[in-house]
Each structure stands twice: as structure tokens, then as C-alpha cells.
Amino acid sequence: MLTKAPRGTKDILPDEVEKWQFLEREFRKICDIFGYKEIRTPTFEHTELFLRGVGETTDIVEKEMYTFQDKSGRSLTLKPEGTAACARALIEHKLYNQSLPLKLYYIIPGFRYERPQAGRLREFHQFGIEVFGSENPAVDVEVIGMAVKFLKGLGLEDLDLRVNTLGCSNCRPVYKKVLHEYLSSKKEKLCDTCKVRYEKNPLRILDCKNDECKKVIQDSPKILDYLCEDCKGHFTKVKKLLSAIQIEYTVDPMIVRGLDYYTRTVFEIISTDLGAQNTLCGGGRYDGLVEECGGPHIPAAGFGMGIERLIYVLESKGLLSIPKKGIDVFIAVLDDESFETGYKLLFDIREKGLSADIDYMNRSLKGQMKYADKLAAKYTIFIGEDEIKSNFLTVKDLSTGEQQKIGMNEIYEFLYKNIRKGCC
């Protein structure tokens, strides 16, 4: 077991890391365009934060959290999602005293004990954004629009955006009561998990993936028929603004998301390439979260996007072919006596801002050339007795095979001119 990663975790190897770095760069670009600033919160938080923020009736809290006691007996939990931690940071540092809205983004690892599937792991990674401070429905649409723009920018065109509203603290209790009454005669047909949900939070039944539960709720009352006037107006504005910026959507009254903190707008962006786990991005509005976590009333909205799922879909569509990043220069040493000169040149080239490497395995010249090819080097510089005596270096362009002699003092200018990288 020492040589096998724990179930539900995965090593990200060097060849794969380039894909992750590419996506992270693209996500940071879109965040910069939309005016979001990065926040980095701890990997673990006090357990109470997730009990209060995420909700005790959610699957995350009931079944999936990695919770432990530290040596002082405090209950801590590895972060299962990013929003509650951002709300805690907002409260602790009084970030709400800054100019609002406060727009944040994060790239985090998250931890949930669940059955590993395609694009889903127990240690997963997530892009996320949060907007704190505005109740304006235009913020909801900005959050949705940003997610759509990011995904389409990666080449994903066949996206299915589904939106819904969960109402507010005024109208949601009315709907909960109606739904509870509707399910009262049908609860024996529900799965064991939903029987518990029926007593604690019947809205969560709408999120169940069990086929029998889906049949039970197929004709259930819809929350859209029980919204107060304010929530109706908010949702109407969201739909109108989505149309204004030409984002297609479908209203899906079965979307409730898996976290209790959502209010009003909720949305999911669906991919058909993930099988059962087909949600690429999900989010919405959570106006009561900050207050629930012990802060003032600060409305908020945002989304979370699983990076593993995103990579899975992009690769399945052939949209994540990242050109191999090679080095600028490889130094091939022709004999042992020349290594010191080559080694000094290696660090001089690096000092000029170019990437360079040398053989540390005592390979033959033929072996060094194979290694240079594996490193995707642009140029190879040969150093042997003749080069040291003449003060001229043999330089080979590995893309054309052309070789030429370059004076030792002119080598940096030559490399800069031809590679057009770094500063000499």
C-alpha cells in the first residue's frame, strides 16, 4: 500500500501538469477580464463552518466530509467546497467594509468521501468565483455568463445551461409545506436517504438521482408556482438579461443544487460526455450564507467548476492537446574534460533567462542527442577539446539539422536573436 495512492486520489504527473497549468492560466485570464481577485483559504476549517454554512441535511455534511480532531480536541474538516471558506474569510477580515461588490476567485483542492467515478475523485480540484455585496440579478447573470464564456473559450460549444429559482425565506417555506404534503402519501416509495430528507428538508428529494425517486417527484408541485413577487421579479430579470447577452438556457424546476445555502437563482451547465456525472459547472445565489456563518447580511452569488471533470470532457473531445514545452538549449559534452566548461556555460545561459540543460547520466554523444530530442530542445551546443581550444562552439538547430560555428563571446546574442526569449 505504500506504493499506491489512496482510493479516490490521483497523482498529476509532469506530462499531465501542463494541461492543468494551461487551464489555470485560461481561468485566471477570464477572472482578470471580469475583475475578480484571487483568494487563498486554508485546506481545513473548523467543522462548524460547514455544518452551519453548507447545511446539516446535505449529503456533504451527512456522509462525505473528512472530519478529524486535532491534538487539542478541536473538530476540523478538510474543505469539501470553497464558498463557505470565502464567507468565513469575508467575516474574519471584514472585507465587506471594502467597496462592494467584492469579486473573488479561487483554485482549490477539495475533499469528499464518495464513490470515485469518471471525472469525480475524493480529492478533487475546483475553479470557483464569489461575488459578495449585491442583490442585483445582473450579478447572477454575470456569474453564469463568465462560466459560459470560459467553457466556450476552451472549445466547448454544446453546452446545456439550466436555470431555476429556489425562492427566498418568505416563499420557500410555503413551497416546502406543499411539497411535504404532496409526498406524504408517496414517501414509502422513496429511497432510504430521501425518507430522511422528507422529514428534514424535502427540497433535497428533488436532487435525488435514484430512478424510483425521480418517478415519485415527476409530477410534484413546482416552486415556480409559489414564488413571492420579489422572487418572481428577480427571476424574470435574470432570464431577460440572459437573453439580452444571447445566452441560451432552459428553465428546469428540478434543479436545487446539493447545498442548503442557495436562495433564488440556481444553475447548472451540463455536458453530455460525462455519463451520470454530467454537471460541469454549478452555482447560483446565496444571500443568507454570510449571516448564517456569523456575519452581517451580505448577499452573494458564485459558481464552482470541477477541474477533473473539465479535463475529462475536453480530452474526450480532443480539445486539450497541449504542445510539448521544450527547452531552449541542450549542452552536449564530448568528453569528461570538457564537462566543467559546459557546466559553466549551462548556468551562464540560464542566467540570461533561457532554459537549458545538460546530461548528468554519462551518456554517449548518441545518447545525449536522443536525450536532447526527448527534452524537445531547440538548439544543441557541442563542447569538446576542439571547441575549447578554438573558442568557437558548434551549434546545431535541431529543427533543421543545420550546424554552424559561433564564437564563445557571441553565443548569447545568437541564442537571443534566434530564440527571441529572455534577456541577454
# chains A, B, ... in the order shown; residues from 1 in each chain; ligands from 1

$ residues_around --residues "A:Leu190" --least-positions-apart "3" --cutoff "8 Å" --atoms "only C-alpha atoms" --output "list in words"
Lys186, Lys187, Thr193, Cys194, Lys195, Glu212, Cys213 and Val216 of chain A

$ write_last_selection --atoms "N, CA and C atoms" --output "compact mmCIF listing (two decimals), in the first residue's frame"
# COMPACT_ATOMS: atom_id res chain seq x y z
N LYS A 186 -46.63 9.26 -0.65
CA LYS A 186 -45.71 8.58 -1.56
C LYS A 186 -44.36 8.28 -0.93
N LYS A 187 -44.19 8.63 0.34
CA LYS A 187 -42.85 8.55 0.93
C LYS A 187 -42.32 7.13 1.03
N THR A 193 -32.49 7.26 1.81
CA THR A 193 -31.94 8.60 2.02
C THR A 193 -33.02 9.66 1.92
N CYS A 194 -33.91 9.51 0.94
CA CYS A 194 -34.95 10.51 0.74
C CYS A 194 -36.05 10.43 1.80
N LYS A 195 -36.19 9.28 2.42
CA LYS A 195 -37.14 9.19 3.54
C LYS A 195 -36.67 10.08 4.69
N GLU A 212 -36.32 5.55 -8.92
CA GLU A 212 -37.65 5.46 -8.30
C GLU A 212 -38.06 6.82 -7.72
N CYS A 213 -37.12 7.51 -7.10
CA CYS A 213 -37.42 8.84 -6.55
C CYS A 213 -37.76 9.82 -7.67
N VAL A 216 -41.32 9.42 -8.51
CA VAL A 216 -42.20 9.97 -7.47
C VAL A 216 -42.37 11.47 -7.61

$ residues_around --residues "A:Phe392" --least-positions-apart "5" --cutoff "12 Å" --atoms "only C-alpha atoms" --output "PyMOL selection string"
chain A and resi 381-387+404-411

$ write_last_selection --atoms "C-alpha atoms" --output "mmCIF file, in the first residue's frame"
data_model
loop_
_atom_site.group_PDB
_atom_site.id
_atom_site.type_symbol
_atom_site.label_atom_id
_atom_site.label_comp_id
_atom_site.auth_asym_id
_atom_site.auth_seq_id
_atom_site.Cartn_x
_atom_site.Cartn_y
_atom_site.Cartn_z
ATOM 1 C CA ILE A 381 25.678 23.223 -28.261
ATOM 2 C CA PHE A 382 28.586 20.783 -28.569
ATOM 3 C CA ILE A 383 31.584 21.287 -26.344
ATOM 4 C CA GLY A 384 34.788 19.286 -26.681
ATOM 5 C CA GLU A 385 38.519 19.788 -26.805
ATOM 6 C CA ASP A 386 38.456 21.485 -30.232
ATOM 7 C CA GLU A 387 35.750 23.968 -29.158
ATOM 8 C CA GLN A 404 27.428 26.336 -37.506
ATOM 9 C CA LYS A 405 30.354 27.646 -35.525
ATOM 10 C CA ILE A 406 29.617 30.527 -33.149
ATOM 11 C CA GLY A 407 32.237 32.403 -31.177
ATOM 12 C CA MET A 408 32.094 31.905 -27.422
ATOM 13 C CA ASN A 409 31.508 35.629 -26.907
ATOM 14 C CA GLU A 410 28.717 35.782 -29.495
ATOM 15 C CA ILE A 411 26.760 32.752 -28.303
#

$ closest_residue --among "A:Asp140, A:Glu16, A:Asp336, A:Asp11" --to "A:Ile322" --atoms "only C-alpha atoms"
A:Glu16

$ closest_atom_pairs --of "stretch 74-134 of chain A" --to "stretch 43-50 of chain A" --cutoff "7 Å" --atoms "only C-alpha atoms" --output "CSV"
residue,atom,partner,partner_atom,distance
A:Ser75,CA,A:Thr47,CA,5.7
A:Leu76,CA,A:His46,CA,4.6
A:Thr77,CA,A:Thr47,CA,5.1
A:Leu78,CA,A:Phe44,CA,4.2
A:Lys79,CA,A:Phe44,CA,5.2
A:Ala84,CA,A:Phe50,CA,6.7

$ closest_atom_pairs --of "stretch 102-188 of chain A" --to "stretch 88-98 of chain A" --cutoff "9 Å" --atoms "only C-alpha atoms" --output "Markdown table"
| residue | atom | partner | partner_atom | distance |
| --- | --- | --- | --- | --- |
| A:Leu102 | CA | A:Tyr96 | CA | 7.4 |
| A:Phe132 | CA | A:Tyr96 | CA | 7.7 |
| A:Gly133 | CA | A:Tyr96 | CA | 7.3 |

$ closest_residue --among "A:Ile311, A:Ile39, A:Val17, A:Val54" --to "A:Asp260" --atoms "only C-alpha atoms"
A:Val54

$ residues_around --residues "A:Ile298" --least-positions-apart "4" --cutoff "9 Å" --atoms "only C-alpha atoms" --output "number ranges by chain"
A: 96, 132-135, 287-291

$ closest_residue --among "A:Arg52, A:Arg285, A:Arg112, A:Lys176" --to "A:Glu142" --atoms "only C-alpha atoms"
A:Arg285

$ atom_distance --atom1 "atom CA of A:Asp70" --atom2 "atom CA of A:Gly110"
19.1 Å

$ atom_distance --atom1 "atom CA of A:Ser364" --atom2 "atom CA of A:Ala332"
9.5 Å

$ atom_distance --atom1 "atom CA of A:Arg74" --atom2 "atom CA of A:Ile107"
26.5 Å

$ closest_residue --among "A:Met305, A:Ile108, A:Tyr416, A:Asn391" --to "A:Thr341" --atoms "only C-alpha atoms"
A:Asn391

$ closest_residue --among "A:Gly302, A:Lys19, A:Lys352, A:Ala5" --to "A:Leu154" --atoms "only C-alpha atoms"
A:Lys19

$ closest_residue --among "A:Tyr261, A:Glu188, A:Ser99, A:Arg25" --to "A:Cys293" --atoms "only C-alpha atoms"
A:Tyr261

$ residues_around --residues "stretch 233-241 of chain A" --least-positions-apart "2" --cutoff "7 Å" --atoms "only C-alpha atoms" --output "list in words"
Pro137, Ala138, Asp140, Val141, Thr165, Glu229, Asp230, Cys231, Ser243, Ala244, Ile245 and Thr265 of chain A

$ decode --residues "stretch 188-232 of chain A" --atoms "N, CA and C atoms" --output "mmCIF file, in the first residue's frame"
data_model
loop_
_atom_site.group_PDB
_atom_site.id
_atom_site.type_symbol
_atom_site.label_atom_id
_atom_site.label_comp_id
_atom_site.auth_asym_id
_atom_site.auth_seq_id
_atom_site.Cartn_x
_atom_site.Cartn_y
_atom_site.Cartn_z
ATOM 1 N N GLU A 188 -43.219 6.136 1.073
ATOM 2 C CA GLU A 188 -42.755 4.746 1.156
ATOM 3 C C GLU A 188 -42.073 4.301 -0.141
ATOM 4 N N LYS A 189 -42.319 5.016 -1.218
ATOM 5 C CA LYS A 189 -41.679 4.687 -2.496
ATOM 6 C C LYS A 189 -40.300 5.329 -2.634
ATOM 7 N N LEU A 190 -39.967 6.197 -1.689
ATOM 8 C CA LEU A 190 -38.687 6.899 -1.751
ATOM 9 C C LEU A 190 -37.548 6.006 -1.277
ATOM 10 N N CYS A 191 -36.333 6.317 -1.715
ATOM 11 C CA CYS A 191 -35.159 5.598 -1.219
ATOM 12 C C CYS A 191 -34.950 5.939 0.256
ATOM 13 N N ASP A 192 -34.121 5.162 0.930
ATOM 14 C CA ASP A 192 -33.921 5.360 2.365
ATOM 15 C C ASP A 192 -33.397 6.760 2.666
ATOM 16 N N THR A 193 -32.495 7.259 1.810
ATOM 17 C CA THR A 193 -31.936 8.598 2.021
ATOM 18 C C THR A 193 -33.024 9.658 1.922
ATOM 19 N N CYS A 194 -33.906 9.510 0.937
ATOM 20 C CA CYS A 194 -34.954 10.514 0.738
ATOM 21 C C CYS A 194 -36.050 10.428 1.799
ATOM 22 N N LYS A 195 -36.194 9.276 2.419
ATOM 23 C CA LYS A 195 -37.137 9.191 3.535
ATOM 24 C C LYS A 195 -36.670 10.080 4.685
ATOM 25 N N VAL A 196 -35.370 10.136 4.879
ATOM 26 C CA VAL A 196 -34.810 11.039 5.889
ATOM 27 C C VAL A 196 -34.950 12.485 5.430
ATOM 28 N N ARG A 197 -34.702 12.713 4.152
ATOM 29 C CA ARG A 197 -34.838 14.063 3.613
ATOM 30 C C ARG A 197 -36.274 14.567 3.738
ATOM 31 N N TYR A 198 -37.224 13.668 3.588
ATOM 32 C CA TYR A 198 -38.635 14.041 3.697
ATOM 33 C C TYR A 198 -38.917 14.714 5.034
ATOM 34 N N GLU A 199 -38.292 14.217 6.093
ATOM 35 C CA GLU A 199 -38.511 14.776 7.423
ATOM 36 C C GLU A 199 -37.693 16.052 7.642
ATOM 37 N N LYS A 200 -36.471 16.104 7.103
ATOM 38 C CA LYS A 200 -35.572 17.221 7.394
ATOM 39 C C LYS A 200 -35.645 18.357 6.363
ATOM 40 N N ASN A 201 -35.643 18.003 5.084
ATOM 41 C CA ASN A 201 -35.632 19.023 4.039
ATOM 42 C C ASN A 201 -36.116 18.399 2.731
ATOM 43 N N PRO A 202 -37.432 18.411 2.481
ATOM 44 C CA PRO A 202 -37.987 17.722 1.306
ATOM 45 C C PRO A 202 -37.471 18.262 -0.032
ATOM 46 N N LEU A 203 -36.960 19.506 -0.062
ATOM 47 C CA LEU A 203 -36.415 20.029 -1.316
ATOM 48 C C LEU A 203 -35.267 19.177 -1.824
ATOM 49 N N ARG A 204 -34.517 18.576 -0.915
ATOM 50 C CA ARG A 204 -33.364 17.772 -1.306
ATOM 51 C C ARG A 204 -33.782 16.530 -2.093
ATOM 52 N N ILE A 205 -35.036 16.119 -1.953
ATOM 53 C CA ILE A 205 -35.528 14.956 -2.714
ATOM 54 C C ILE A 205 -35.510 15.255 -4.208
ATOM 55 N N LEU A 206 -35.738 16.515 -4.561
ATOM 56 C CA LEU A 206 -35.738 16.889 -5.977
ATOM 57 C C LEU A 206 -34.378 16.677 -6.616
ATOM 58 N N ASP A 207 -33.316 16.601 -5.802
ATOM 59 C CA ASP A 207 -31.945 16.455 -6.304
ATOM 60 C C ASP A 207 -31.513 14.991 -6.360
ATOM 61 N N CYS A 208 -32.390 14.067 -5.943
ATOM 62 C CA CYS A 208 -32.023 12.659 -5.868
ATOM 63 C C CYS A 208 -31.857 12.069 -7.270
ATOM 64 N N LYS A 209 -30.836 11.217 -7.425
ATOM 65 C CA LYS A 209 -30.556 10.590 -8.727
ATOM 66 C C LYS A 209 -31.159 9.193 -8.829
ATOM 67 N N ASN A 210 -31.799 8.726 -7.748
ATOM 68 C CA ASN A 210 -32.434 7.412 -7.754
ATOM 69 C C ASN A 210 -33.627 7.404 -8.719
ATOM 70 N N ASP A 211 -33.699 6.382 -9.583
ATOM 71 C CA ASP A 211 -34.748 6.339 -10.615
ATOM 72 C C ASP A 211 -36.149 6.298 -10.015
ATOM 73 N N GLU A 212 -36.324 5.547 -8.916
ATOM 74 C CA GLU A 212 -37.649 5.464 -8.299
ATOM 75 C C GLU A 212 -38.061 6.816 -7.719
ATOM 76 N N CYS A 213 -37.120 7.507 -7.104
ATOM 77 C CA CYS A 213 -37.419 8.835 -6.549
ATOM 78 C C CYS A 213 -37.756 9.823 -7.665
ATOM 79 N N LYS A 214 -37.074 9.690 -8.791
ATOM 80 C CA LYS A 214 -37.375 10.570 -9.932
ATOM 81 C C LYS A 214 -38.815 10.381 -10.394
ATOM 82 N N LYS A 215 -39.280 9.142 -10.373
ATOM 83 C CA LYS A 215 -40.675 8.878 -10.779
ATOM 84 C C LYS A 215 -41.654 9.511 -9.795
ATOM 85 N N VAL A 216 -41.315 9.425 -8.506
ATOM 86 C CA VAL A 216 -42.197 9.965 -7.469
ATOM 87 C C VAL A 216 -42.365 11.471 -7.614
ATOM 88 N N ILE A 217 -41.262 12.164 -7.918
ATOM 89 C CA ILE A 217 -41.291 13.633 -7.950
ATOM 90 C C ILE A 217 -41.614 14.202 -9.326
ATOM 91 N N GLN A 218 -41.790 13.320 -10.316
ATOM 92 C CA GLN A 218 -42.002 13.778 -11.688
ATOM 93 C C GLN A 218 -43.165 14.772 -11.809
ATOM 94 N N ASP A 219 -44.244 14.506 -11.103
ATOM 95 C CA ASP A 219 -45.435 15.362 -11.191
ATOM 96 C C ASP A 219 -45.645 16.184 -9.916
ATOM 97 N N SER A 220 -44.588 16.376 -9.170
ATOM 98 C CA SER A 220 -44.703 17.122 -7.909
ATOM 99 C C SER A 220 -44.928 18.607 -8.171
ATOM 100 N N PRO A 221 -45.469 19.345 -7.201
ATOM 101 C CA PRO A 221 -45.641 20.797 -7.362
ATOM 102 C C PRO A 221 -44.286 21.456 -7.668
ATOM 103 N N LYS A 222 -44.307 22.536 -8.441
ATOM 104 C CA LYS A 222 -43.089 23.236 -8.837
ATOM 105 C C LYS A 222 -42.986 24.549 -8.076
ATOM 106 N N ILE A 223 -41.794 24.850 -7.629
ATOM 107 C CA ILE A 223 -41.585 26.053 -6.826
ATOM 108 C C ILE A 223 -41.906 27.325 -7.601
ATOM 109 N N LEU A 224 -41.820 27.261 -8.919
ATOM 110 C CA LEU A 224 -42.110 28.441 -9.743
ATOM 111 C C LEU A 224 -43.546 28.940 -9.526
ATOM 112 N N ASP A 225 -44.420 28.043 -9.079
ATOM 113 C CA ASP A 225 -45.818 28.425 -8.857
ATOM 114 C C ASP A 225 -46.053 29.015 -7.473
ATOM 115 N N TYR A 226 -45.024 29.073 -6.638
ATOM 116 C CA TYR A 226 -45.198 29.523 -5.251
ATOM 117 C C TYR A 226 -44.257 30.672 -4.877
ATOM 118 N N LEU A 227 -43.664 31.310 -5.875
ATOM 119 C CA LEU A 227 -42.722 32.399 -5.612
ATOM 120 C C LEU A 227 -43.449 33.656 -5.151
ATOM 121 N N CYS A 228 -42.810 34.400 -4.255
ATOM 122 C CA CYS A 228 -43.333 35.715 -3.894
ATOM 123 C C CYS A 228 -43.056 36.679 -5.039
ATOM 124 N N GLU A 229 -43.630 37.865 -4.979
ATOM 125 C CA GLU A 229 -43.489 38.817 -6.087
ATOM 126 C C GLU A 229 -42.038 39.236 -6.290
ATOM 127 N N ASP A 230 -41.300 39.426 -5.209
ATOM 128 C CA ASP A 230 -39.894 39.830 -5.340
ATOM 129 C C ASP A 230 -39.080 38.750 -6.055
ATOM 130 N N CYS A 231 -39.291 37.490 -5.703
ATOM 131 C CA CYS A 231 -38.538 36.401 -6.333
ATOM 132 C C CYS A 231 -38.957 36.203 -7.789
ATOM 133 N N LYS A 232 -40.241 36.392 -8.066
ATOM 134 C CA LYS A 232 -40.692 36.334 -9.456
ATOM 135 C C LYS A 232 -40.007 37.408 -10.285
#
